[in-house]
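Colleague: As input, take model.cif (mmCIF, C-alpha atoms and all ligand atoms):
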```cif
data_coords
loop_
_atom_site.label_atom_id
_atom_site.label_comp_id
_atom_site.auth_asym_id
_atom_site.auth_seq_id
_atom_site.Cartn_x
_atom_site.Cartn_y
_atom_site.Cartn_z
CA MET F 1 194.54 94.87 171.72
CA ALA F 2 191.34 95.81 173.48
CA GLN F 3 193.13 97.21 176.50
CA ASN F 4 192.05 100.75 175.66
CA ILE F 5 188.37 100.04 175.23
CA GLU F 6 186.05 100.02 178.19
CA ALA F 7 182.31 100.31 177.72
CA GLY F 8 182.93 101.50 174.15
CA ARG F 9 184.93 104.49 175.33
CA PRO F 10 188.55 105.00 174.24
CA GLN F 11 190.76 104.91 177.33
CA ARG F 12 193.97 106.83 177.81
CA ASN F 13 197.14 104.78 177.67
CA GLY F 14 198.95 103.99 180.89
CA LEU F 15 202.69 104.31 181.37
CA PRO F 16 204.62 102.93 178.38
CA ARG F 17 206.36 99.66 179.26
CA HIS F 18 209.10 100.24 176.72
CA ILE F 19 210.51 103.59 175.59
CA ALA F 20 213.12 103.83 172.82
CA MET F 21 215.20 106.94 172.14
CA ILE F 22 217.16 108.36 169.22
CA MET F 23 219.73 110.55 170.96
CA ASP F 24 220.24 113.17 168.26
CA GLY F 25 221.77 116.64 168.46
CA ASN F 26 225.09 116.15 170.26
CA GLY F 27 227.11 117.70 167.44
CA ARG F 28 224.90 120.81 167.16
CA TRP F 29 224.88 121.22 170.95
CA ALA F 30 228.70 121.33 170.88
CA ARG F 31 228.90 123.65 167.86
CA LYS F 32 226.59 126.16 169.53
CA ARG F 33 229.14 126.35 172.35
CA GLY F 34 232.20 126.47 170.10
CA LEU F 35 233.24 123.02 171.31
CA PRO F 36 234.39 119.97 169.32
CA ARG F 37 231.67 117.43 168.42
CA THR F 38 233.29 114.96 170.81
CA ALA F 39 232.37 117.28 173.72
CA GLY F 40 228.75 116.97 172.60
CA HIS F 41 228.95 113.18 172.82
CA ALA F 42 230.53 113.36 176.29
CA ALA F 43 227.66 115.61 177.43
CA GLY F 44 225.24 113.23 175.66
CA ALA F 45 226.57 110.27 177.63
CA GLU F 46 225.89 112.16 180.90
CA THR F 47 222.38 112.93 179.68
CA PHE F 48 221.84 109.26 178.91
CA ARG F 49 222.74 108.37 182.53
CA ARG F 50 220.34 111.02 183.84
CA ILE F 51 217.47 109.97 181.55
CA ALA F 52 217.99 106.25 182.28
CA THR F 53 217.79 106.95 186.03
CA TYR F 54 214.65 109.02 185.49
CA CYS F 55 213.00 106.24 183.47
CA LYS F 56 213.89 103.66 186.11
CA ASP F 57 212.54 105.87 188.90
CA ILE F 58 209.15 106.30 187.23
CA GLY F 59 208.80 102.56 186.57
CA ILE F 60 209.67 102.11 182.89
CA GLU F 61 210.48 98.41 182.30
CA TYR F 62 212.54 98.68 179.09
CA LEU F 63 214.63 101.52 177.70
CA THR F 64 216.37 101.19 174.32
CA VAL F 65 218.80 103.82 173.06
CA TYR F 66 220.49 104.29 169.68
CA ALA F 67 224.14 104.90 170.55
CA PHE F 68 226.02 103.97 167.36
CA SER F 69 224.57 102.93 164.01
CA THR F 70 226.04 100.76 161.27
CA GLU F 71 226.27 104.03 159.28
CA ASN F 72 228.13 106.00 162.00
CA TRP F 73 231.47 104.39 161.00
CA SER F 74 231.62 106.97 158.18
CA ARG F 75 232.30 109.77 160.71
CA SER F 76 235.86 110.94 161.37
CA LYS F 77 238.22 108.54 163.12
CA GLU F 78 238.41 110.95 166.04
CA GLU F 79 234.63 111.10 166.48
CA VAL F 80 234.15 107.32 166.15
CA GLY F 81 236.98 106.81 168.67
CA ALA F 82 235.38 109.25 171.11
CA ILE F 83 231.94 107.58 170.96
CA MET F 84 233.47 104.10 171.30
CA GLY F 85 235.53 105.35 174.27
CA LEU F 86 232.35 106.62 175.97
CA LEU F 87 230.64 103.30 175.35
CA VAL F 88 233.56 101.37 176.88
CA LYS F 89 233.45 103.70 179.89
CA TYR F 90 229.71 103.12 180.29
CA LEU F 91 230.06 99.34 179.94
CA ARG F 92 232.82 99.34 182.58
CA GLU F 93 230.65 101.37 184.95
CA ALA F 94 227.72 99.07 184.24
CA VAL F 95 229.76 96.00 185.27
CA GLU F 96 230.43 97.74 188.60
CA SER F 97 226.97 99.18 189.28
CA MET F 98 224.23 97.17 187.52
CA GLU F 99 223.62 94.87 190.45
CA LYS F 100 223.40 97.72 192.96
CA ASP F 101 221.27 99.88 190.62
CA GLY F 102 218.94 97.06 189.54
CA ILE F 103 219.62 97.56 185.84
CA ARG F 104 219.91 94.79 183.27
CA LEU F 105 221.97 95.75 180.26
CA ARG F 106 221.80 94.28 176.80
CA VAL F 107 223.59 95.35 173.65
CA PHE F 108 221.71 95.18 170.35
CA GLY F 109 223.93 95.18 167.28
CA ASP F 110 226.67 93.36 165.43
CA VAL F 111 229.21 92.85 168.21
CA GLN F 112 231.68 91.17 165.81
CA GLY F 113 232.44 94.67 164.52
CA LEU F 114 233.41 95.90 168.02
CA SER F 115 236.74 95.83 169.85
CA GLU F 116 237.86 92.86 171.92
CA GLU F 117 237.47 94.90 175.11
CA GLN F 118 233.91 95.89 174.21
CA ARG F 119 233.01 92.28 173.43
CA ARG F 120 234.49 91.11 176.75
CA LEU F 121 232.53 93.78 178.66
CA ILE F 122 229.32 92.86 176.80
CA THR F 123 229.80 89.19 177.81
CA GLU F 124 230.27 90.31 181.43
CA THR F 125 227.20 92.56 181.43
CA ASP F 126 225.17 89.70 179.84
CA GLU F 127 226.20 87.41 182.68
CA ILE F 128 225.31 89.96 185.36
CA SER F 129 221.99 90.68 183.63
CA ARG F 130 220.97 87.05 183.97
CA ARG F 131 220.97 87.29 187.77
CA VAL F 132 219.71 90.86 188.22
CA THR F 133 216.10 92.05 188.16
CA GLY F 134 215.05 95.59 187.28
CA MET F 135 214.74 97.87 184.29
CA GLN F 136 216.32 96.50 181.13
CA VAL F 137 218.44 98.97 179.19
CA ASN F 138 219.21 98.01 175.60
CA VAL F 139 222.09 99.97 174.10
CA CYS F 140 222.22 99.75 170.30
CA ILE F 141 225.85 99.68 169.17
CA ASN F 142 226.87 98.97 165.57
CA TYR F 143 223.14 98.60 165.06
CA GLY F 144 221.04 99.00 161.91
CA GLY F 145 217.38 98.04 161.60
CA ARG F 146 217.77 96.60 158.10
CA ASP F 147 220.95 94.80 159.08
CA GLU F 148 219.11 93.25 162.05
CA ILE F 149 216.31 91.97 159.77
CA VAL F 150 218.72 90.61 157.13
CA ARG F 151 220.74 88.78 159.82
CA ALA F 152 217.60 87.35 161.38
CA ALA F 153 216.40 86.16 157.96
CA GLY F 154 219.78 84.51 157.31
CA ARG F 155 219.76 82.73 160.65
CA TRP F 156 216.15 81.64 160.21
CA ALA F 157 216.89 80.23 156.72
CA ALA F 158 219.98 78.37 157.95
CA GLU F 159 218.11 76.79 160.85
CA ASN F 160 214.74 76.21 159.17
CA PRO F 161 215.42 75.44 155.50
CA GLY F 162 212.39 75.80 153.22
CA LYS F 163 210.10 77.07 155.98
CA THR F 164 208.35 80.45 156.25
CA PRO F 165 208.26 81.88 159.80
CA THR F 166 205.29 83.48 161.49
CA GLU F 167 205.96 87.03 162.71
CA GLU F 168 206.22 85.67 166.24
CA GLU F 169 208.79 83.03 165.20
CA PHE F 170 210.79 85.54 163.17
CA SER F 171 210.94 88.07 166.00
CA ARG F 172 212.84 85.48 168.10
CA TYR F 173 215.74 85.84 165.66
CA LEU F 174 216.06 89.60 166.15
CA TYR F 175 218.43 91.25 168.67
CA SER F 176 215.29 92.22 170.59
CA ALA F 177 214.14 88.59 171.13
CA GLY F 178 212.04 88.43 174.28
CA VAL F 179 211.67 92.22 174.60
CA PRO F 180 208.21 93.71 173.98
CA ASP F 181 208.04 96.20 171.10
CA PRO F 182 208.57 99.85 172.08
CA ASP F 183 205.34 101.67 172.91
CA LEU F 184 206.92 105.08 172.47
CA ILE F 185 209.91 106.25 170.44
CA ILE F 186 211.36 109.65 171.30
CA ARG F 187 213.71 111.47 168.94
CA SER F 188 215.54 114.57 170.12
CA GLY F 189 217.28 117.10 167.87
CA GLY F 190 214.43 118.17 165.58
CA GLU F 191 214.58 115.59 162.76
CA LYS F 192 211.46 113.56 162.06
CA ARG F 193 212.65 110.19 160.85
CA LEU F 194 213.61 106.76 162.21
CA SER F 195 217.10 106.60 160.66
CA ASN F 196 217.17 102.78 160.47
CA PHE F 197 216.25 102.38 164.17
CA LEU F 198 214.10 99.41 165.29
CA LEU F 199 212.38 99.15 161.89
CA TRP F 200 210.61 95.88 162.73
CA GLN F 201 209.81 96.73 166.34
CA ALA F 202 208.52 100.25 165.60
CA ALA F 203 205.46 98.94 163.69
CA TYR F 204 202.90 100.27 166.20
CA ALA F 205 205.01 102.62 168.31
CA GLU F 206 203.85 106.15 168.98
CA LEU F 207 206.48 108.60 167.70
CA TYR F 208 207.41 111.75 169.61
CA PHE F 209 209.78 114.33 168.16
CA THR F 210 211.28 117.25 170.06
CA ASP F 211 213.61 120.06 168.96
CA THR F 212 215.54 119.77 172.24
CA LEU F 213 219.13 118.72 171.51
CA TRP F 214 220.02 115.44 173.25
CA PRO F 215 222.47 116.87 175.83
CA ASP F 216 219.73 119.31 176.97
CA MET F 217 217.10 116.58 177.47
CA THR F 218 215.71 116.28 180.99
CA GLY F 219 213.14 114.20 182.79
CA ARG F 220 210.66 116.97 181.97
CA ASP F 221 211.04 116.27 178.23
CA VAL F 222 210.44 112.56 178.85
CA GLU F 223 207.42 113.48 180.96
CA ASN F 224 206.07 115.58 178.04
CA ALA F 225 206.57 112.63 175.68
CA ILE F 226 204.74 110.31 178.09
CA GLU F 227 201.90 112.83 178.40
CA PHE F 228 201.67 112.83 174.56
CA TYR F 229 201.66 109.01 174.60
CA ARG F 230 198.92 108.87 177.23
CA GLY F 231 196.71 110.98 175.00
CA ARG F 232 197.08 108.74 171.96
CA GLU F 233 194.50 106.14 171.03
CA ARG F 234 196.26 102.99 169.85
CA ARG F 235 194.22 101.03 167.34
CA TYR F 236 196.80 98.54 165.99
CA GLY F 237 195.14 98.69 162.58
CA GLY F 238 191.63 98.13 163.95
CA VAL F 239 188.75 100.55 164.42
CA LYS F 240 187.15 101.78 167.60
C1 LIG F 301 223.69 111.67 167.36
O1 LIG F 301 223.99 113.05 167.43
C2 LIG F 301 224.42 110.94 168.39
C3 LIG F 301 225.28 109.90 168.18
C4 LIG F 301 225.56 109.34 166.84
C5 LIG F 301 226.01 109.27 169.30
C6 LIG F 301 225.23 109.01 170.57
C7 LIG F 301 226.20 108.70 171.63
C8 LIG F 301 226.12 109.13 172.91
C9 LIG F 301 224.98 109.88 173.45
C10 LIG F 301 227.23 108.84 173.84
C11 LIG F 301 227.40 107.46 174.35
C12 LIG F 301 226.18 106.76 174.77
C13 LIG F 301 226.03 105.99 175.88
C14 LIG F 301 224.86 105.06 175.92
C15 LIG F 301 226.95 106.00 177.01
P1 LIG F 301 224.78 113.75 166.22
O2 LIG F 301 226.23 113.60 166.48
O3 LIG F 301 224.32 113.17 164.93
O4 LIG F 301 224.33 115.23 166.42
P2 LIG F 301 224.08 116.31 165.26
O5 LIG F 301 222.90 115.84 164.46
O6 LIG F 301 223.77 117.56 166.04
O7 LIG F 301 225.35 116.42 164.48
#
```
Would it be possible to restate this file's structure as structure tokens?
Ligand code: FPP
Modeller:
Amino acid sequence: MAQNIEAGRPQRNGLPRHIAMIMDGNGRWARKRGLPRTAGHAAGAETFRRIATYCKDIGIEYLTVYAFSTENWSRSKEEVGAIMGLLVKYLREAVESMEKDGIRLRVFGDVQGLSEEQRRLITETDEISRRVTGMQVNVCINYGGRDEIVRAAGRWAAENPGKTPTEEEFSRYLYSAGVPDPDLIIRSGGEKRLSNFLLWQAAYAELYFTDTLWPDMTGRDVENAIEFYRGRERRYGGVK
């Protein structure tokens, strides 16, 4: 906690170890161009690849992205199908390229709600991740922050009847077990809220909001967010 204090002087933060992103604005990006929303998601998936490569190149250790929430099922069948199709495509590519690219992939979310093919690909990427070193990318699919906490509580209660966990013990029951909390959460698309994303893990994260629509995001936007993060003084509830 004292990492930012040296000789009583607040220090600037270093590079965030873990960046999380809410990829918002695909639909508006498409509408502005007279395209269907699904075209916005296809462009968004390309942006995700570009941003993930950028983060890896600058030395980020963990990147977590919100790809599909437990609430996104209420969108049209066509839109849900398009997003799921993009996720299958990405998982297939990941199976082929993770080892070469030095990327470990994990999926956070309720995988029971996903297709058989997605579940099979997630098992494969889990296996590859165990033997690969490099940046860890966590893709949140069928993910909700409250759902994650309720599931963790249920599992804790089943395995430890009558006991109250410490925060540390409880966090081992979350999808993010073993992953440090995000230092910085970036939301594109102009809204300023967390939308049920990483509710537990976001406790001390710095929050950065930009009006840039997700498909337009570049390394420069991430650089701006990191510059903002570097200027923040993190007190974790203490005083300096
Ligand atoms: C939010 O924008 C975006 C989503 C719900 C889907 C995100 C999915 C992708 C970027 C594609 C697949 C991802 C990977 C990791 C390959 P919105 O549709 O709510 O945009 P709007 O607010 O402008 O309508």
Colleague: How would you write, as number ranges by chain, the set of residues no farther than 7 Å from ligand LIG 301 (chain F) when counting all atoms listed in the file?
Modeller: F: 23-29, 37, 41-42, 44-45, 48, 65-68, 72, 83, 86-87, 90, 139, 189
Colleague: Store the residues picked out above in a file with C-alpha atoms, as a CSV table (one decimal), in the frame of the given file.
Modeller:
```
chain,number,residue,atom,x,y,z
F,23,MET,CA,219.7,110.6,171.0
F,24,ASP,CA,220.2,113.2,168.3
F,25,GLY,CA,221.8,116.6,168.5
F,26,ASN,CA,225.1,116.2,170.3
F,27,GLY,CA,227.1,117.7,167.4
F,28,ARG,CA,224.9,120.8,167.2
F,29,TRP,CA,224.9,121.2,171.0
F,37,ARG,CA,231.7,117.4,168.4
F,41,HIS,CA,229.0,113.2,172.8
F,42,ALA,CA,230.5,113.4,176.3
F,44,GLY,CA,225.2,113.2,175.7
F,45,ALA,CA,226.6,110.3,177.6
F,48,PHE,CA,221.8,109.3,178.9
F,65,VAL,CA,218.8,103.8,173.1
F,66,TYR,CA,220.5,104.3,169.7
F,67,ALA,CA,224.1,104.9,170.6
F,68,PHE,CA,226.0,104.0,167.4
F,72,ASN,CA,228.1,106.0,162.0
F,83,ILE,CA,231.9,107.6,171.0
F,86,LEU,CA,232.4,106.6,176.0
F,87,LEU,CA,230.6,103.3,175.4
F,90,TYR,CA,229.7,103.1,180.3
F,139,VAL,CA,222.1,100.0,174.1
F,189,GLY,CA,217.3,117.1,167.9
```
Colleague: Identify which of the residues F:Leu105, F:Ile22, F:Ala152, F:Ile128 lies closest to F:Gly190, counting only C-alpha atoms when measuring atom-to-atom distances.
Modeller: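 Result for the nearest residue to F:Gly190: F:Ile22.
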Colleague: Counting all atoms listed in the file, which residue out of F:Ile185, F:Val95, F:Ala203, F:Ala20 sits closest to F:Asn138?
Modeller: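 Looking at the shortest contact to F:Asn138, the residue is F:Ala20.
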Colleague: Could you name the residues that touch F:Met135 at 10 Å or less, counting all atoms listed in the file, but leaving out those on the same chain fewer than 2 positions away, as a PyMOL selection string?
Modeller: chain F and resi 17-18+52-53+55-57+59-63+101-105+132-133+137-138
Colleague: Using all atoms listed in the file, pick whichever of F:Gly34, F:Gly145, F:Gly178, F:Gly113 has the shortest atom-to-atom distance to F:Leu194.
Modeller: F:Gly145
Colleague: Could you check which of F:Ala177, F:Leu199, F:Ile186, F:Val111 is closest to F:Gly144, using all atoms listed in the file?
Modeller: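 For F:Gly144, the nearest of the given residues is F:Leu199.
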